[in-house]
Amino acid sequence: MLGKRKRIRALAAATAVAAALVVPTATSPVLATGSEGFLVLQPGFTQTLWAINPNFLGGVAFAKNGDVLTDHCAFNGSPLDDYSQTSTTLSHGSTLHNFSELTSNAGCGLANHSNGFLYTNTGGGVVQLNDATGAQTAGPFGTNGNALGIATDPVTGNLIYVGSGPAYNLLFVDAGFTTSGTFSTVDTGDFKDQITWSPDGKFLFISNRGSPFKLQILDRTGALVQNVVMAHEPDGIAFHAAAPQFVVTNDTDGTMTRFDFPGNDYSLPPAQSMFATGGFRGDMSAVGGDSCLYLTQAGTRYADGFTDGNNSVLQICGGFAPTIPDAPITAHPVTFSATEGQSFSGTVATVTDKDPNDMANEYQATIDWGDGTGTSAGTVSGPDGGPYNVSGTHTYAEEGAYHVKVHVTDSDDASNTADTVSTAKVGDALLSSRCTMPSAITPVFVGSTAEFTDSSSTGTLSDFSATIDWGDTTTSTGTIVGGPGLAPYDVNGSHNYSTTGSFTVTTTINDVGGSQTVATCHVLVAGFPTPNGGTFVIGDLEAGLGNHVTWWSSQWAKINLMSGGPAPSSMKGFAGFEDMPLPSPIPPLTKLCGMTWTTDTGNSSPPPATVPSDMLVFVSSHIVQNGSVISGDIKEVIVVHNDPGYQPDPGHTGSGTETLIVCSIP
């Protein structure tokens, strides 16, 4: 008894169809090797006495661990015998597998199912059994059976079984014991024994022991294909699927009959031959995962020729097909979410398999992501027996809905495949932004209003647009630079404010995919009173947020105290930059701290006629006079909200309240 891979390889070989007409090979019977079981067996096959048992044996099946199982062929309540693969005894030159008896509620017919359970035909209906313990796990279910023939439909998974007499119709139940019914009423009243399916599930073969004896063939709808009259009374039945394909019966007179159908056409009369002779009363049979046939006989012939009345289990090898092909796999779609430009890793489909012994590593998957990038390998994972998840990793360049095609293949059987189409809902990547404007700007602004980033690695400049609301009822289109991908982008703009004061500048960035981000800046627009940056000065010991300061006065030097000492009395407060002008254009406001200013004495440098409501003012810690030129440091640049009443005559004081520090140095 071998594992799933071997079982599937056997099935694949079994389903190969002979290209030429099948010719019977029984023309020259030869003495069977070792003379165990049958005296004569057709060439190309080997037989081995597997086990003996003092009880009458009927049905044959297999445990998941590979052990052979038989029952005692009762109407119901029969135990199961479990034959060890490793524990053996030598008797009369034959190596016999020892068995242990399991309490059970079996009938005579047994059938393996891809769900891992055994099913048995009993007088009370179909019973589900645990293959390891023999215990009844469900049932009986369905109409009463004759306790004999039962087989698993390889297409539907239903159990087809022979009903009780006198009708002996073919009945069915589903494996979950929820539905039941009649499969076929062909030849009602004929006593029917074992049944078996062709591996493809298209034909059902029946050992019909009614008069006359016959091999009966139905199609999968239950309709009669043909009755093949035979000379020997059949009991067990099996399908040989390696070329040449044929059907064989285990007969009640110690023979086996072979049926070869021309061109594998089961509607044509077959050639009959003796597959084996010189055995004992034959009963049921089953094909194992090793493609060998296991059958029961009411008698034993050992390797040394000795015979006795023990029942026996005989193994015949040479290309028989498993009665249960590998369970077909089914793929199921899922809907998953991803984000453009970001790596997605997750489940894209699920797979189910009715075989509880299957493992995830027995499957391979490919994923077509639906975006024209081709396919990639998927990973199949999950517990033994499933269900399994198919997962993969992919990055979508753009948002949208994509049809994802998932193809799953059984690595041991390339014909056992499943396909499904899942849906990927790819969303637009999130945008994030921040204000990049300084807290204070001049009325003429040119520069960056916002910086934003795209969480998509595939974004480009053409994906975005920006609008700047300057906070004074005017808007303009922003110019975007930077990127691509995860690199930052900047939104630049220019605007002329007609007044000073506080404004809220809002930059809205839109992605063509629908994402949006908004950067909000709260700025104070303040101006120099002169075009060249000339403005007024206060002493550093007078400065401070919220302080009321005097920046123009005939008493300026007395009012504005400085940490570097008193100012010359000729300083009235205006720094006009007559002798050392600022660079043009005026540097950014934050760069002015640390520079120096100059002016002429008194009010000889004419101050402006008017000043803005919010004015940029220098803060100095040290002022000196050299001749007629006064100069000082720029320790801070501040904004002063001015009081009314200013005039260019220093006798009319200019003052206001400090509202903002633009820049500062120690």
# chains A, B, ... in the order shown; residues from 1 in each chain; ligands from 1

call {"tool": "select_by_dssp", "arguments": {"residues": "range 343-539 of chain A", "states": "strand (DSSP E or B)", "output": "PyMOL selection string"}}
result
chain A and resi 343-353+363-368+375-381+388-395+400-410+413-427+431-435+440-441+444-454+464-469+475-477+479-482+489-496+501-511+516-525+527+535-539

call {"tool": "closest_atom_pairs", "arguments": {"of": "range 498-607 of chain A", "to": "range 644-655 of chain A", "cutoff": "8 Å", "atoms": "only C-alpha atoms", "output": "Markdown table"}}
result
| residue | atom | partner | partner_atom | distance |
| --- | --- | --- | --- | --- |
| A:His548 | CA | A:Ser655 | CA | 7.2 |
| A:Val549 | CA | A:Ser655 | CA | 5.6 |
| A:Thr550 | CA | A:Ser655 | CA | 4.2 |
| A:Trp551 | CA | A:Ser655 | CA | 5.6 |
| A:Trp552 | CA | A:Gly654 | CA | 4.6 |
| A:Ser553 | CA | A:Pro650 | CA | 4.6 |
| A:Ser554 | CA | A:Pro650 | CA | 4.9 |
| A:Lys572 | CA | A:Pro650 | CA | 6.7 |
| A:Asn603 | CA | A:Pro650 | CA | 7.4 |
| A:Pro606 | CA | A:Pro648 | CA | 7.5 |
| A:Pro607 | CA | A:Pro648 | CA | 5.6 |

call {"tool": "write_last_selection", "arguments": {"atoms": "C-alpha atoms", "output": "PDB file, in the first residue's frame"}}
result
ATOM      1  CA  HIS A 548       4.256  97.202  23.005  1.00  0.00           C
ATOM      2  CA  VAL A 549       7.300  98.632  21.252  1.00  0.00           C
ATOM      3  CA  THR A 550       8.338 101.994  19.836  1.00  0.00           C
ATOM      4  CA  TRP A 551      10.185 101.812  16.553  1.00  0.00           C
ATOM      5  CA  TRP A 552      10.181 105.557  15.560  1.00  0.00           C
ATOM      6  CA  SER A 553      10.705 108.458  17.896  1.00  0.00           C
ATOM      7  CA  SER A 554      12.862 111.468  18.596  1.00  0.00           C
ATOM      8  CA  LYS A 572      15.622 107.775  15.588  1.00  0.00           C
ATOM      9  CA  ASN A 603      15.985 111.569   9.956  1.00  0.00           C
ATOM     10  CA  PRO A 606      13.816 109.897   4.720  1.00  0.00           C
ATOM     11  CA  PRO A 607      11.528 107.310   6.312  1.00  0.00           C
TER      12      PRO A 607
END

call {"tool": "closest_residue", "arguments": {"among": "A:Gly165, A:Pro566, A:Pro484, A:Gly176", "to": "Gln128 in chain A", "atoms": "only C-alpha atoms"}}
result
A:Gly176

call {"tool": "closest_atom_pairs", "arguments": {"of": "range 444-548 of chain A", "to": "range 416-433 of chain A", "cutoff": "7 Å", "atoms": "only C-alpha atoms", "output": "Markdown table"}}
result
| residue | atom | partner | partner_atom | distance |
| --- | --- | --- | --- | --- |
| A:Ala450 | CA | A:Ser433 | CA | 6.7 |
| A:Glu451 | CA | A:Ser433 | CA | 5.5 |
| A:Phe452 | CA | A:Ser433 | CA | 4.0 |
| A:Thr453 | CA | A:Ser432 | CA | 5.5 |
| A:Asp454 | CA | A:Leu431 | CA | 4.8 |
| A:Ser455 | CA | A:Ala429 | CA | 5.5 |
| A:Ser456 | CA | A:Ala429 | CA | 5.4 |
| A:Gly513 | CA | A:Asp428 | CA | 5.4 |
| A:Gly514 | CA | A:Asp428 | CA | 6.5 |
| A:Ser515 | CA | A:Asp428 | CA | 6.0 |
| A:Gln516 | CA | A:Leu431 | CA | 6.3 |
| A:Thr517 | CA | A:Leu431 | CA | 5.7 |
| A:Val518 | CA | A:Ser433 | CA | 6.6 |
| A:Ala519 | CA | A:Ser433 | CA | 5.6 |

call {"tool": "decode", "arguments": {"residues": "range 291-410 of chain A", "atoms": "C-alpha atoms", "output": "compact mmCIF listing (two decimals), in the first residue's frame"}}
result
# COMPACT_ATOMS: atom_id res chain seq x y z
CA SER A 291 -2.17 -1.04 -8.81
CA CYS A 292 -2.34 -4.59 -7.50
CA LEU A 293 -5.58 -6.52 -7.16
CA TYR A 294 -6.44 -7.95 -3.74
CA LEU A 295 -9.10 -10.66 -3.66
CA THR A 296 -10.52 -13.15 -1.18
CA GLN A 297 -10.88 -16.92 -1.63
CA ALA A 298 -12.46 -19.67 0.47
CA GLY A 299 -9.29 -21.76 0.54
CA THR A 300 -5.50 -21.40 0.63
CA ARG A 301 -2.62 -22.70 -1.47
CA TYR A 302 0.82 -22.01 -0.02
CA ALA A 303 4.14 -21.57 -1.81
CA ASP A 304 5.12 -25.22 -1.25
CA GLY A 305 1.85 -26.45 -2.77
CA PHE A 306 0.19 -27.30 0.53
CA THR A 307 -3.51 -26.43 0.72
CA ASP A 308 -5.95 -26.06 3.60
CA GLY A 309 -9.39 -24.68 4.36
CA ASN A 310 -8.31 -21.25 5.62
CA ASN A 311 -9.69 -18.32 3.71
CA SER A 312 -6.99 -16.31 1.97
CA VAL A 313 -6.18 -12.85 0.67
CA LEU A 314 -4.34 -13.01 -2.63
CA GLN A 315 -2.39 -10.19 -4.28
CA ILE A 316 -2.17 -10.11 -8.10
CA CYS A 317 0.00 -7.37 -9.60
CA GLY A 318 0.30 -5.98 -13.09
CA GLY A 319 -1.46 -2.74 -14.00
CA PHE A 320 -4.83 -2.80 -12.25
CA ALA A 321 -6.42 0.60 -11.66
CA PRO A 322 -7.40 1.92 -8.25
CA THR A 323 -11.15 1.80 -7.90
CA ILE A 324 -11.11 5.35 -6.47
CA PRO A 325 -9.16 7.85 -8.55
CA ASP A 326 -7.61 10.81 -6.86
CA ALA A 327 -10.30 13.18 -5.69
CA PRO A 328 -10.69 16.13 -8.06
CA ILE A 329 -9.60 19.45 -6.64
CA THR A 330 -11.77 22.54 -6.73
CA ALA A 331 -10.57 26.13 -6.72
CA HIS A 332 -12.69 28.90 -5.26
CA PRO A 333 -12.37 32.63 -5.99
CA VAL A 334 -11.81 35.29 -3.38
CA THR A 335 -12.07 39.06 -3.55
CA PHE A 336 -9.07 40.81 -2.11
CA SER A 337 -7.96 44.40 -1.72
CA ALA A 338 -4.63 45.91 -2.68
CA THR A 339 -3.18 49.38 -3.06
CA GLU A 340 -1.53 50.71 -6.20
CA GLY A 341 2.22 50.90 -6.05
CA GLN A 342 2.38 48.88 -2.85
CA SER A 343 3.37 45.25 -2.59
CA PHE A 344 0.40 42.98 -1.95
CA SER A 345 0.92 39.65 -0.21
CA GLY A 346 -2.04 37.48 0.65
CA THR A 347 -4.60 34.88 -0.34
CA VAL A 348 -5.92 35.04 -3.90
CA ALA A 349 -7.90 31.77 -3.99
CA THR A 350 -8.77 28.70 -1.95
CA VAL A 351 -8.59 25.03 -2.92
CA THR A 352 -10.55 22.08 -1.59
CA ASP A 353 -9.85 18.39 -2.00
CA LYS A 354 -12.07 15.57 -0.77
CA ASP A 355 -9.06 13.40 0.06
CA PRO A 356 -8.19 13.93 3.76
CA ASN A 357 -4.69 12.54 3.16
CA ASP A 358 -3.63 15.17 0.67
CA MET A 359 -1.05 17.75 1.66
CA ALA A 360 -0.47 21.31 0.52
CA ASN A 361 2.97 20.54 -0.91
CA GLU A 362 1.34 18.23 -3.44
CA TYR A 363 -0.05 21.20 -5.37
CA GLN A 364 1.39 23.91 -7.55
CA ALA A 365 -0.29 27.18 -8.46
CA THR A 366 0.21 29.96 -10.97
CA ILE A 367 -1.38 33.39 -10.77
CA ASP A 368 -2.20 35.68 -13.67
CA TRP A 369 -2.68 39.02 -11.93
CA GLY A 370 -4.84 40.44 -14.72
CA ASP A 371 -2.78 43.57 -15.36
CA GLY A 372 -0.76 42.34 -18.31
CA THR A 373 2.39 41.64 -16.29
CA GLY A 374 2.21 37.89 -16.86
CA THR A 375 2.04 35.07 -14.33
CA SER A 376 3.91 34.23 -11.17
CA ALA A 377 4.06 31.21 -8.93
CA GLY A 378 1.61 30.97 -6.07
CA THR A 379 2.16 29.35 -2.70
CA VAL A 380 -0.27 26.65 -1.56
CA SER A 381 -0.59 26.24 2.21
CA GLY A 382 -2.98 24.74 4.70
CA PRO A 383 -3.57 21.70 6.90
CA ASP A 384 -3.45 18.14 5.60
CA GLY A 385 -6.69 17.44 3.81
CA GLY A 386 -7.30 21.15 3.22
CA PRO A 387 -8.80 23.52 2.66
CA TYR A 388 -5.76 25.25 1.20
CA ASN A 389 -4.96 28.88 0.52
CA VAL A 390 -3.25 30.03 -2.65
CA SER A 391 -1.25 33.15 -1.90
CA GLY A 392 1.04 35.37 -3.89
CA THR A 393 2.90 38.65 -3.95
CA HIS A 394 2.37 41.38 -6.55
CA THR A 395 2.47 45.14 -7.04
CA TYR A 396 -0.22 46.80 -9.16
CA ALA A 397 0.91 49.95 -10.92
CA GLU A 398 -2.55 51.53 -11.06
CA GLU A 399 -5.80 51.41 -9.17
CA GLY A 400 -8.83 49.56 -10.54
CA ALA A 401 -10.54 46.16 -10.56
CA TYR A 402 -8.59 43.23 -11.99
CA HIS A 403 -9.61 39.67 -12.86
CA VAL A 404 -7.02 37.36 -11.32
CA LYS A 405 -6.78 33.90 -12.90
CA VAL A 406 -5.55 31.17 -10.58
CA HIS A 407 -4.54 27.74 -11.94
CA VAL A 408 -3.84 24.88 -9.53
CA THR A 409 -2.22 21.58 -10.55
CA ASP A 410 -1.77 18.38 -8.59
